[in-house]
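Note sheet for the following structure.
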Amino acid sequence: MKLRVKVDYKTYQKLKEVEKEYREVLEEAINYGLVNKTTSFTKIKAGVYKTEREKHKDLPSHYIYTACEDASERLDSFEKLKKRGKSYTEKPSVRKVTVHLDDHLWKFNLDKISISTMQGRILISLTFPKIFWRYYNKGWLIASEARFKLLKGNAVEFYVIFKKDVKPYEPKGFIPVDLNENLVSVLVDGKPMLLETNTRRITLGYEYRRKAITTGKSTKDREVRRKLRKLRERDKKVDIRRKLAKLIVKEAFESRSVIVLEDLPRRTPEHMIKDVKDKQLRLRIYRSAFSSMKNVIIEKAREFGVPVILVNPSHTSTVCPVHGTKIVYQPDGGDAPRVGVCEKGKEKWHRDVVALYNLAKRAGDVSPVPLGSKESHDPPTVSGWLRAKSLHSIMIEHKMIEMKV
Ligand SMILES: [Zn+2]
């Protein structure tokens with residue numbers, strides 16, 4: 001929808017500045033695409049971003065992104081014209097410029113919209129035509145991308161895009177997630193998978209290095225502070241958490257599933273990491289492995305609109321999800337300390353897998369739990385998942401390896 005508005009001279013000049021630099025970036029981006037024979041936004045952006053950022057230091061950086069997008073679209077349609085023999089020039093010419101905006105560059109509000117310029121944000125009041133209200137009141141949403149064009153006589157034309165709200169999320173399945181000090185277990189398509197995070201080992205290693213830096217020195221010391229900062233920056237845990245949360249949430253989003261997590265941990269730090277003497281350290285491991293991990297998943301899920309159900313965690317690993325009877329683990333651990341036997345059916349269960357099925361059940365999953373399958377007591381444990389594209393790809397890869405073996 002086009003919205004036309006008259007602005008004051010100053011505002012117009014600020015937009016004019018943006019338009020000028022935007023045009024320059026756009027032209028460079030188009031040239032880059034032509035020279036390198038690509039219409040891909042990502043390639044163009046990778047190719048020009050750095051130099052354009054240097055050249056246009058005051059231009060809000062997102063204009064460089066949107067100009068690259070603009071260039072990619074122009075190159076794309078130019079190529080199509082050329083194929084049909086309808087282009088009259090050797091290269092796409094930039095005559096009229098419509099500045100593309102993304103959600104960083106503009107903010108919509110019913111009384112004012114704001115736009116980033118080289119001199120800060122400017123505010124513009126709009127009056128809306130009837131047709132605008134018709135869409136707006138019927139629940140259409142305003143898309144995050146918009147455009148503006150400068151006309152003569154201090155007039156600006158806005159292109160606002162309406163979009164229909166996406167369908168409400170109707171969950172079709174459950175992805176329970178069980179968090180542990182060294183592992184995160186998930187159920188994908190009803191199959192368990194244990195992903196190694198080594199949170200405990202990493203935290204301990206981190207602590208060891210921290211001690212080595214600070215022992216006998218004041219933490220106020222400049223050199224000590226610098227070293228600590230560097231250490232924090234290299235903190236792997238943050239990276240692992242983020243990546244893992246993304247894999248889980250993406251999987252849930254694509255299969256339209258609900259994520260199921262433990263509401264409160266079934267083990268407090270005291271019980272979870274018994275063998276670590278230092279209380280402070282125990283708490284740190286616990287936080288990294290459990291509460292921080294949980295928060296990152298919840299946050300990511302919110303971003304994707306994936307629902308999260310928190311369920312009561314008590315006895316999730318000690319009750320058989322098939323028979324409802326007790327699962328007995330050997331008191332001394334034995335050679336497989338995490339594997340127990342169901343009192344009634346005598347089938348074997350891995351502690352973390354039991355927890356997964358029970359979490360799903362508590363969230364309302366009624367799909368049958370496989371009985372006595374290999375995965376139930378010997379689930380695949382995956383360590384090199386950090387570069388994986390999806391949980392599904394991890395599963396497939398794992399199967400292939402197993403078949404080869
Ligand atoms: Zn059983």
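Quick note on naming: the chains in the structure tokens go A, B, ... in the order shown, residues restart at 1 in each chain, and ligands are numbered from 1 in order of appearance.
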How close does each residue of chain A get to ligand 1, giving the shortest atom pair and distance in Å to one decimal for every residue with an atom at most 12 Å away, counting only C-alpha atoms and all ligand atoms, sorted by chain and residue number, as a tab-separated table?
```
residue	atom	partner	partner_atom_place_in_ligand_line	distance
A:Thr318	CA	ligand 1	1 (Zn)	10.5
A:Val319	CA	ligand 1	1 (Zn)	8.1
A:Cys320	CA	ligand 1	1 (Zn)	4.7
A:Pro321	CA	ligand 1	1 (Zn)	6.7
A:Val322	CA	ligand 1	1 (Zn)	5.1
A:His323	CA	ligand 1	1 (Zn)	4.4
A:Gly324	CA	ligand 1	1 (Zn)	6.7
A:Thr325	CA	ligand 1	1 (Zn)	6.3
A:Lys326	CA	ligand 1	1 (Zn)	7.8
A:Ile327	CA	ligand 1	1 (Zn)	7.4
A:Val328	CA	ligand 1	1 (Zn)	10.4
A:Gly340	CA	ligand 1	1 (Zn)	10.3
A:Val341	CA	ligand 1	1 (Zn)	7.8
A:Cys342	CA	ligand 1	1 (Zn)	4.5
A:Glu343	CA	ligand 1	1 (Zn)	6.6
A:Lys344	CA	ligand 1	1 (Zn)	5.6
A:Gly345	CA	ligand 1	1 (Zn)	4.6
A:Lys346	CA	ligand 1	1 (Zn)	6.5
A:Glu347	CA	ligand 1	1 (Zn)	6.0
A:Lys348	CA	ligand 1	1 (Zn)	8.1
A:Trp349	CA	ligand 1	1 (Zn)	8.5
A:His350	CA	ligand 1	1 (Zn)	12.0
A:Val354	CA	ligand 1	1 (Zn)	10.1
A:Val369	CA	ligand 1	1 (Zn)	10.3
A:Pro370	CA	ligand 1	1 (Zn)	10.4
A:Leu371	CA	ligand 1	1 (Zn)	7.7
A:Gly372	CA	ligand 1	1 (Zn)	8.6
A:Ser373	CA	ligand 1	1 (Zn)	11.8
A:Ser376	CA	ligand 1	1 (Zn)	11.0
A:His377	CA	ligand 1	1 (Zn)	12.0
```
Take the residues from that selection and put them in a file with N, CA and C atoms, as a PDB file, in the first residue's frame.
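Listed below is the output, part.pdb:
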```
ATOM      1  N   THR A 318      12.613 -42.942  36.837  1.00  0.00           N
ATOM      2  CA  THR A 318      12.520 -44.175  37.628  1.00  0.00           C
ATOM      3  C   THR A 318      11.208 -44.925  37.444  1.00  0.00           C
ATOM      4  N   VAL A 319      10.321 -44.382  36.577  1.00  0.00           N
ATOM      5  CA  VAL A 319       9.060 -45.085  36.338  1.00  0.00           C
ATOM      6  C   VAL A 319       9.017 -45.561  34.888  1.00  0.00           C
ATOM      7  N   CYS A 320       8.660 -46.820  34.681  1.00  0.00           N
ATOM      8  CA  CYS A 320       8.604 -47.358  33.324  1.00  0.00           C
ATOM      9  C   CYS A 320       7.473 -46.689  32.542  1.00  0.00           C
ATOM     10  N   PRO A 321       7.792 -46.091  31.388  1.00  0.00           N
ATOM     11  CA  PRO A 321       6.748 -45.393  30.615  1.00  0.00           C
ATOM     12  C   PRO A 321       5.738 -46.353  29.981  1.00  0.00           C
ATOM     13  N   VAL A 322       6.055 -47.646  29.958  1.00  0.00           N
ATOM     14  CA  VAL A 322       5.122 -48.617  29.378  1.00  0.00           C
ATOM     15  C   VAL A 322       4.257 -49.251  30.470  1.00  0.00           C
ATOM     16  N   HIS A 323       4.896 -49.741  31.531  1.00  0.00           N
ATOM     17  CA  HIS A 323       4.157 -50.473  32.572  1.00  0.00           C
ATOM     18  C   HIS A 323       3.779 -49.627  33.775  1.00  0.00           C
ATOM     19  N   GLY A 324       4.393 -48.499  33.940  1.00  0.00           N
ATOM     20  CA  GLY A 324       4.103 -47.663  35.091  1.00  0.00           C
ATOM     21  C   GLY A 324       4.727 -48.193  36.372  1.00  0.00           C
ATOM     22  N   THR A 325       5.574 -49.197  36.263  1.00  0.00           N
ATOM     23  CA  THR A 325       6.218 -49.758  37.453  1.00  0.00           C
ATOM     24  C   THR A 325       7.617 -49.192  37.624  1.00  0.00           C
ATOM     25  N   LYS A 326       8.252 -49.579  38.683  1.00  0.00           N
ATOM     26  CA  LYS A 326       9.548 -49.016  39.017  1.00  0.00           C
ATOM     27  C   LYS A 326      10.660 -49.580  38.110  1.00  0.00           C
ATOM     28  N   ILE A 327      11.607 -48.730  37.805  1.00  0.00           N
ATOM     29  CA  ILE A 327      12.795 -49.197  37.092  1.00  0.00           C
ATOM     30  C   ILE A 327      13.925 -49.268  38.107  1.00  0.00           C
ATOM     31  N   VAL A 328      14.565 -50.413  38.176  1.00  0.00           N
ATOM     32  CA  VAL A 328      15.596 -50.600  39.191  1.00  0.00           C
ATOM     33  C   VAL A 328      16.979 -50.450  38.570  1.00  0.00           C
ATOM     34  N   GLY A 340      18.787 -49.349  33.629  1.00  0.00           N
ATOM     35  CA  GLY A 340      18.032 -50.046  34.663  1.00  0.00           C
ATOM     36  C   GLY A 340      17.085 -51.065  34.063  1.00  0.00           C
ATOM     37  N   VAL A 341      16.433 -51.841  34.926  1.00  0.00           N
ATOM     38  CA  VAL A 341      15.518 -52.883  34.465  1.00  0.00           C
ATOM     39  C   VAL A 341      14.135 -52.629  35.051  1.00  0.00           C
ATOM     40  N   CYS A 342      13.116 -52.785  34.194  1.00  0.00           N
ATOM     41  CA  CYS A 342      11.741 -52.584  34.637  1.00  0.00           C
ATOM     42  C   CYS A 342      11.334 -53.760  35.524  1.00  0.00           C
ATOM     43  N   GLU A 343      10.718 -53.429  36.641  1.00  0.00           N
ATOM     44  CA  GLU A 343      10.303 -54.471  37.597  1.00  0.00           C
ATOM     45  C   GLU A 343       9.315 -55.454  36.984  1.00  0.00           C
ATOM     46  N   LYS A 344       8.436 -54.938  36.162  1.00  0.00           N
ATOM     47  CA  LYS A 344       7.390 -55.807  35.643  1.00  0.00           C
ATOM     48  C   LYS A 344       7.791 -56.522  34.347  1.00  0.00           C
ATOM     49  N   GLY A 345       8.171 -55.730  33.363  1.00  0.00           N
ATOM     50  CA  GLY A 345       8.456 -56.347  32.058  1.00  0.00           C
ATOM     51  C   GLY A 345       9.878 -56.863  31.898  1.00  0.00           C
ATOM     52  N   LYS A 346      10.743 -56.517  32.824  1.00  0.00           N
ATOM     53  CA  LYS A 346      12.168 -56.901  32.803  1.00  0.00           C
ATOM     54  C   LYS A 346      12.931 -56.330  31.594  1.00  0.00           C
ATOM     55  N   GLU A 347      12.305 -55.403  30.881  1.00  0.00           N
ATOM     56  CA  GLU A 347      13.029 -54.794  29.768  1.00  0.00           C
ATOM     57  C   GLU A 347      14.003 -53.745  30.295  1.00  0.00           C
ATOM     58  N   LYS A 348      15.030 -53.497  29.505  1.00  0.00           N
ATOM     59  CA  LYS A 348      16.076 -52.571  29.930  1.00  0.00           C
ATOM     60  C   LYS A 348      15.773 -51.140  29.472  1.00  0.00           C
ATOM     61  N   TRP A 349      16.157 -50.202  30.290  1.00  0.00           N
ATOM     62  CA  TRP A 349      15.953 -48.789  29.960  1.00  0.00           C
ATOM     63  C   TRP A 349      17.189 -47.968  30.277  1.00  0.00           C
ATOM     64  N   HIS A 350      17.485 -47.030  29.385  1.00  0.00           N
ATOM     65  CA  HIS A 350      18.515 -46.041  29.699  1.00  0.00           C
ATOM     66  C   HIS A 350      17.829 -44.893  30.428  1.00  0.00           C
ATOM     67  N   VAL A 354      14.248 -42.982  29.341  1.00  0.00           N
ATOM     68  CA  VAL A 354      13.042 -43.079  30.164  1.00  0.00           C
ATOM     69  C   VAL A 354      12.503 -41.683  30.447  1.00  0.00           C
ATOM     70  N   VAL A 369       4.820 -46.004  23.307  1.00  0.00           N
ATOM     71  CA  VAL A 369       6.247 -46.022  23.611  1.00  0.00           C
ATOM     72  C   VAL A 369       6.804 -47.378  23.172  1.00  0.00           C
ATOM     73  N   PRO A 370       7.856 -47.388  22.366  1.00  0.00           N
ATOM     74  CA  PRO A 370       8.413 -48.671  21.928  1.00  0.00           C
ATOM     75  C   PRO A 370       8.908 -49.497  23.115  1.00  0.00           C
ATOM     76  N   LEU A 371       8.620 -50.784  23.083  1.00  0.00           N
ATOM     77  CA  LEU A 371       8.991 -51.644  24.204  1.00  0.00           C
ATOM     78  C   LEU A 371      10.177 -52.538  23.830  1.00  0.00           C
ATOM     79  N   GLY A 372      11.178 -52.477  24.671  1.00  0.00           N
ATOM     80  CA  GLY A 372      12.323 -53.368  24.487  1.00  0.00           C
ATOM     81  C   GLY A 372      13.140 -53.123  23.220  1.00  0.00           C
ATOM     82  N   SER A 373      13.113 -51.902  22.701  1.00  0.00           N
ATOM     83  CA  SER A 373      13.922 -51.632  21.513  1.00  0.00           C
ATOM     84  C   SER A 373      15.368 -51.368  21.938  1.00  0.00           C
ATOM     85  N   SER A 376      16.084 -47.954  23.392  1.00  0.00           N
ATOM     86  CA  SER A 376      15.584 -47.660  24.733  1.00  0.00           C
ATOM     87  C   SER A 376      16.660 -47.830  25.790  1.00  0.00           C
ATOM     88  N   HIS A 377      17.559 -48.788  25.568  1.00  0.00           N
ATOM     89  CA  HIS A 377      18.603 -48.938  26.586  1.00  0.00           C
ATOM     90  C   HIS A 377      19.998 -48.590  26.052  1.00  0.00           C
TER      91      HIS A 377
END
```
Quick one: everything within 8 Å of Leu391 in chain A, counting only C-alpha atoms, minus sequence neighbours fewer than 5 positions away in the same chain. Send it as a PyMOL selection string.
chain A and resi 188+247-248+251
List as a PyMOL selection string the protein and nucleic acid residues near Val308 in chain A, meaning an atom at most 10 Å away when only C-alpha atoms are counted, but skip any in the same chain fewer than 6 places from it.
chain A and resi 174-176+249+252+257-261+297-299+301-302+363
What does the file look like for those residues with N, CA and C atoms, as a PDB file, in the first residue's frame?
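The resulting result-v6.pdb:
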```
ATOM      1  N   PHE A 174       5.488 -33.923  19.815  1.00  0.00           N
ATOM      2  CA  PHE A 174       6.204 -33.477  20.992  1.00  0.00           C
ATOM      3  C   PHE A 174       7.696 -33.745  20.831  1.00  0.00           C
ATOM      4  N   ILE A 175       8.496 -32.795  21.250  1.00  0.00           N
ATOM      5  CA  ILE A 175       9.933 -33.037  21.323  1.00  0.00           C
ATOM      6  C   ILE A 175      10.381 -32.802  22.760  1.00  0.00           C
ATOM      7  N   PRO A 176      10.447 -33.884  23.542  1.00  0.00           N
ATOM      8  CA  PRO A 176      10.931 -33.713  24.905  1.00  0.00           C
ATOM      9  C   PRO A 176      12.446 -33.545  24.922  1.00  0.00           C
ATOM     10  N   VAL A 249      14.948 -26.142  18.416  1.00  0.00           N
ATOM     11  CA  VAL A 249      13.793 -25.309  18.081  1.00  0.00           C
ATOM     12  C   VAL A 249      13.456 -25.410  16.591  1.00  0.00           C
ATOM     13  N   ALA A 252      11.626 -28.579  16.012  1.00  0.00           N
ATOM     14  CA  ALA A 252      10.252 -28.465  16.516  1.00  0.00           C
ATOM     15  C   ALA A 252       9.405 -27.630  15.568  1.00  0.00           C
ATOM     16  N   SER A 257       6.072 -29.167  16.289  1.00  0.00           N
ATOM     17  CA  SER A 257       6.002 -29.867  17.563  1.00  0.00           C
ATOM     18  C   SER A 257       6.087 -28.900  18.732  1.00  0.00           C
ATOM     19  N   VAL A 258       5.684 -29.405  19.876  1.00  0.00           N
ATOM     20  CA  VAL A 258       5.824 -28.672  21.127  1.00  0.00           C
ATOM     21  C   VAL A 258       7.105 -29.152  21.793  1.00  0.00           C
ATOM     22  N   ILE A 259       7.839 -28.252  22.394  1.00  0.00           N
ATOM     23  CA  ILE A 259       9.025 -28.667  23.141  1.00  0.00           C
ATOM     24  C   ILE A 259       8.628 -28.914  24.595  1.00  0.00           C
ATOM     25  N   VAL A 260       9.074 -30.036  25.136  1.00  0.00           N
ATOM     26  CA  VAL A 260       8.745 -30.357  26.527  1.00  0.00           C
ATOM     27  C   VAL A 260      10.020 -30.334  27.363  1.00  0.00           C
ATOM     28  N   LEU A 261       9.977 -29.554  28.423  1.00  0.00           N
ATOM     29  CA  LEU A 261      11.138 -29.449  29.311  1.00  0.00           C
ATOM     30  C   LEU A 261      10.720 -29.714  30.753  1.00  0.00           C
ATOM     31  N   ILE A 297      16.845 -22.250  25.327  1.00  0.00           N
ATOM     32  CA  ILE A 297      15.849 -22.966  24.520  1.00  0.00           C
ATOM     33  C   ILE A 297      14.517 -22.221  24.538  1.00  0.00           C
ATOM     34  N   ILE A 298      14.104 -21.795  25.715  1.00  0.00           N
ATOM     35  CA  ILE A 298      12.819 -21.095  25.828  1.00  0.00           C
ATOM     36  C   ILE A 298      12.830 -19.800  25.010  1.00  0.00           C
ATOM     37  N   GLU A 299      13.950 -19.092  25.091  1.00  0.00           N
ATOM     38  CA  GLU A 299      14.064 -17.839  24.350  1.00  0.00           C
ATOM     39  C   GLU A 299      13.983 -18.060  22.835  1.00  0.00           C
ATOM     40  N   ALA A 301      12.721 -20.591  21.317  1.00  0.00           N
ATOM     41  CA  ALA A 301      11.387 -21.087  20.981  1.00  0.00           C
ATOM     42  C   ALA A 301      10.415 -19.926  20.829  1.00  0.00           C
ATOM     43  N   ARG A 302      10.555 -18.951  21.690  1.00  0.00           N
ATOM     44  CA  ARG A 302       9.680 -17.783  21.621  1.00  0.00           C
ATOM     45  C   ARG A 302       9.885 -17.050  20.295  1.00  0.00           C
ATOM     46  N   ALA A 363       3.327 -34.292  29.129  1.00  0.00           N
ATOM     47  CA  ALA A 363       2.881 -33.123  28.360  1.00  0.00           C
ATOM     48  C   ALA A 363       1.623 -33.450  27.559  1.00  0.00           C
TER      49      ALA A 363
END
```
Near-range 78-83 of chain A list (7 Å; only C-alpha atoms; drop same-chain fewer than 4 positions) as a ChimeraX atom specification
/A:74,87,92
Convert the current residue selection to file output with N, CA and C atoms, as a PDB file, in the first residue's frame.
```pdb
ATOM      1  N   ARG A  74      17.148  -6.627  -8.551  1.00  0.00           N
ATOM      2  CA  ARG A  74      17.268  -5.964  -9.852  1.00  0.00           C
ATOM      3  C   ARG A  74      18.028  -6.833 -10.855  1.00  0.00           C
ATOM      4  N   SER A  87      15.670  -6.858 -22.795  1.00  0.00           N
ATOM      5  CA  SER A  87      16.451  -5.803 -22.156  1.00  0.00           C
ATOM      6  C   SER A  87      17.082  -4.953 -23.241  1.00  0.00           C
ATOM      7  N   PRO A  92      21.720  -3.462 -15.903  1.00  0.00           N
ATOM      8  CA  PRO A  92      20.570  -2.771 -15.323  1.00  0.00           C
ATOM      9  C   PRO A  92      20.958  -1.360 -14.899  1.00  0.00           C
TER      10      PRO A  92
END
```
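When the distance limit is 10 Å and only C-alpha atoms are what count, the residues near Val238 in chain A, minus those fewer than 5 positions from it on the same chain, are Arg232, Glu233, Lys243, Leu244, Ser288, Ser292, Met293 and Val296 of chain A.
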Export all heavy atoms of the chosen residues as a PDB file, in the first residue's frame?
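Contents of again31.pdb, freshly written:
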```
ATOM      1  N   ARG A 232      36.880 -15.559  29.033  1.00  0.00           N
ATOM      2  CA  ARG A 232      35.422 -15.530  28.914  1.00  0.00           C
ATOM      3  C   ARG A 232      34.983 -15.535  27.466  1.00  0.00           C
ATOM      4  O   ARG A 232      34.033 -16.188  27.100  1.00  0.00           O
ATOM      5  CB  ARG A 232      34.858 -14.303  29.623  1.00  0.00           C
ATOM      6  CG  ARG A 232      34.181 -14.640  30.929  1.00  0.00           C
ATOM      7  CD  ARG A 232      33.296 -13.514  31.402  1.00  0.00           C
ATOM      8  NE  ARG A 232      33.949 -12.215  31.410  1.00  0.00           N
ATOM      9  CZ  ARG A 232      34.760 -11.789  32.387  1.00  0.00           C
ATOM     10  NH1 ARG A 232      35.040 -12.565  33.396  1.00  0.00           N
ATOM     11  NH2 ARG A 232      35.288 -10.585  32.328  1.00  0.00           N
ATOM     12  N   GLU A 233      35.715 -14.760  26.672  1.00  0.00           N
ATOM     13  CA  GLU A 233      35.349 -14.685  25.262  1.00  0.00           C
ATOM     14  C   GLU A 233      35.451 -16.037  24.581  1.00  0.00           C
ATOM     15  O   GLU A 233      34.731 -16.338  23.656  1.00  0.00           O
ATOM     16  CB  GLU A 233      36.266 -13.684  24.533  1.00  0.00           C
ATOM     17  CG  GLU A 233      35.806 -12.256  24.709  1.00  0.00           C
ATOM     18  CD  GLU A 233      36.913 -11.283  24.380  1.00  0.00           C
ATOM     19  OE1 GLU A 233      37.947 -11.701  23.830  1.00  0.00           O
ATOM     20  OE2 GLU A 233      36.734 -10.095  24.703  1.00  0.00           O
ATOM     21  N   LYS A 243      23.799 -23.053  19.798  1.00  0.00           N
ATOM     22  CA  LYS A 243      23.693 -23.945  18.643  1.00  0.00           C
ATOM     23  C   LYS A 243      22.676 -25.060  18.902  1.00  0.00           C
ATOM     24  O   LYS A 243      21.847 -25.384  18.068  1.00  0.00           O
ATOM     25  CB  LYS A 243      25.092 -24.513  18.368  1.00  0.00           C
ATOM     26  CG  LYS A 243      25.170 -25.446  17.203  1.00  0.00           C
ATOM     27  CD  LYS A 243      25.192 -24.706  15.887  1.00  0.00           C
ATOM     28  CE  LYS A 243      24.590 -25.570  14.822  1.00  0.00           C
ATOM     29  NZ  LYS A 243      25.188 -25.536  13.542  1.00  0.00           N
ATOM     30  N   LEU A 244      22.767 -25.607  20.082  1.00  0.00           N
ATOM     31  CA  LEU A 244      21.875 -26.703  20.437  1.00  0.00           C
ATOM     32  C   LEU A 244      20.422 -26.233  20.489  1.00  0.00           C
ATOM     33  O   LEU A 244      19.521 -26.904  19.968  1.00  0.00           O
ATOM     34  CB  LEU A 244      22.307 -27.282  21.787  1.00  0.00           C
ATOM     35  CG  LEU A 244      21.723 -28.622  22.179  1.00  0.00           C
ATOM     36  CD1 LEU A 244      21.904 -29.624  21.053  1.00  0.00           C
ATOM     37  CD2 LEU A 244      22.393 -29.136  23.437  1.00  0.00           C
ATOM     38  N   SER A 288      25.176 -23.812  34.065  1.00  0.00           N
ATOM     39  CA  SER A 288      25.493 -23.928  32.638  1.00  0.00           C
ATOM     40  C   SER A 288      24.705 -25.041  31.987  1.00  0.00           C
ATOM     41  O   SER A 288      24.163 -24.899  30.913  1.00  0.00           O
ATOM     42  CB  SER A 288      26.968 -24.246  32.450  1.00  0.00           C
ATOM     43  OG  SER A 288      27.711 -23.145  32.818  1.00  0.00           O
ATOM     44  N   SER A 292      20.756 -22.269  32.399  1.00  0.00           N
ATOM     45  CA  SER A 292      21.086 -21.442  31.232  1.00  0.00           C
ATOM     46  C   SER A 292      20.634 -22.114  29.947  1.00  0.00           C
ATOM     47  O   SER A 292      20.069 -21.483  29.063  1.00  0.00           O
ATOM     48  CB  SER A 292      22.581 -21.183  31.154  1.00  0.00           C
ATOM     49  OG  SER A 292      23.021 -20.601  32.342  1.00  0.00           O
ATOM     50  N   MET A 293      20.880 -23.405  29.868  1.00  0.00           N
ATOM     51  CA  MET A 293      20.468 -24.162  28.681  1.00  0.00           C
ATOM     52  C   MET A 293      18.963 -24.052  28.485  1.00  0.00           C
ATOM     53  O   MET A 293      18.472 -23.802  27.385  1.00  0.00           O
ATOM     54  CB  MET A 293      20.890 -25.627  28.880  1.00  0.00           C
ATOM     55  CG  MET A 293      20.695 -26.519  27.681  1.00  0.00           C
ATOM     56  SD  MET A 293      21.777 -26.109  26.307  1.00  0.00           S
ATOM     57  CE  MET A 293      20.622 -25.929  24.973  1.00  0.00           C
ATOM     58  N   VAL A 296      17.931 -20.575  27.269  1.00  0.00           N
ATOM     59  CA  VAL A 296      18.250 -20.326  25.862  1.00  0.00           C
ATOM     60  C   VAL A 296      17.236 -21.029  24.955  1.00  0.00           C
ATOM     61  O   VAL A 296      16.799 -20.470  23.947  1.00  0.00           O
ATOM     62  CB  VAL A 296      19.692 -20.776  25.528  1.00  0.00           C
ATOM     63  CG1 VAL A 296      19.992 -20.605  24.058  1.00  0.00           C
ATOM     64  CG2 VAL A 296      20.689 -19.982  26.343  1.00  0.00           C
TER      65      VAL A 296
END
```
Between range 139-180 of chain A and range 9-31 of chain A, at 9 Å or less, what are the per-residue closest atom pairs and their distances in Å? Count only C-alpha atoms, order by chain and rising residue number, and return it as CSV.
```
residue,atom,partner,partner_atom,distance
A:Lys149,CA,A:Glu19,CA,8.4
A:Leu150,CA,A:Lys16,CA,7.5
A:Asn154,CA,A:Tyr12,CA,5.8
A:Ala155,CA,A:Tyr12,CA,7.7
A:Val156,CA,A:Tyr12,CA,7.9
```
Distance query Lys163 in chain A at most 12 Å, only C-alpha atoms, self and fewer than 6 positions along chain excluded, as a ChimeraX atom specification
/A:1,135-136,138-146
With C-alpha atoms kept, could you save the residues just selected as a short mmCIF file (atom, residue, chain, number, x, y, z; two decimals), in the first residue's frame?
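Done, and the output landed in result-v3.cif:
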```
data_model
loop_
_atom_site.label_atom_id
_atom_site.label_comp_id
_atom_site.auth_asym_id
_atom_site.auth_seq_id
_atom_site.Cartn_x
_atom_site.Cartn_y
_atom_site.Cartn_z
CA MET A 1 0.00 0.00 0.00
CA TYR A 135 -6.85 -4.09 6.37
CA TYR A 136 -5.52 -3.05 9.69
CA LYS A 138 -9.20 -7.09 9.96
CA GLY A 139 -6.07 -8.37 11.64
CA TRP A 140 -3.61 -7.99 8.77
CA LEU A 141 -0.12 -7.27 9.99
CA ILE A 142 2.41 -4.81 8.71
CA ALA A 143 5.48 -6.53 7.37
CA SER A 144 8.89 -5.64 8.70
CA GLU A 145 10.13 -4.66 5.26
CA ALA A 146 9.02 -1.36 3.72
#
```
Near Ile113 in chain A, counting only C-alpha atoms, which residues have an atom at most 7 Å away, once you skip same-chain residues fewer than 3 positions from it, shown as a compact mmCIF listing (two decimals) with C-alpha atoms, in the first residue's frame?
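Now in selection_29.txt:
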```txt
# COMPACT_ATOMS: atom_id res chain seq x y z
CA LYS A 107 9.59 1.22 13.12
CA PHE A 108 5.89 1.41 12.56
CA ASN A 109 3.53 3.07 14.95
CA LEU A 123 9.75 10.73 13.06
CA ILE A 124 7.03 11.15 10.48
CA SER A 125 3.31 11.38 11.17
```
Just checking: using only C-alpha atoms, which residue out of A:Asp103, A:Asp278, A:Asp239, A:Asp352 ends up closest to Ser185 in chain A?
A:Asp352
In range 80-187 of chain A, DSSP helix (DSSP H, G or I) residues written as a ChimeraX atom specification:
/A:80-83,130-137
Taking the chain letters and numbering used in this document, name the residues of range 93-213 of chain A that DSSP puts in strand (DSSP E or B), as a ChimeraX atom specification.
/A:99-101,106-107,112-117,120-125,141-151,155-163,173-179,183-188,191-196
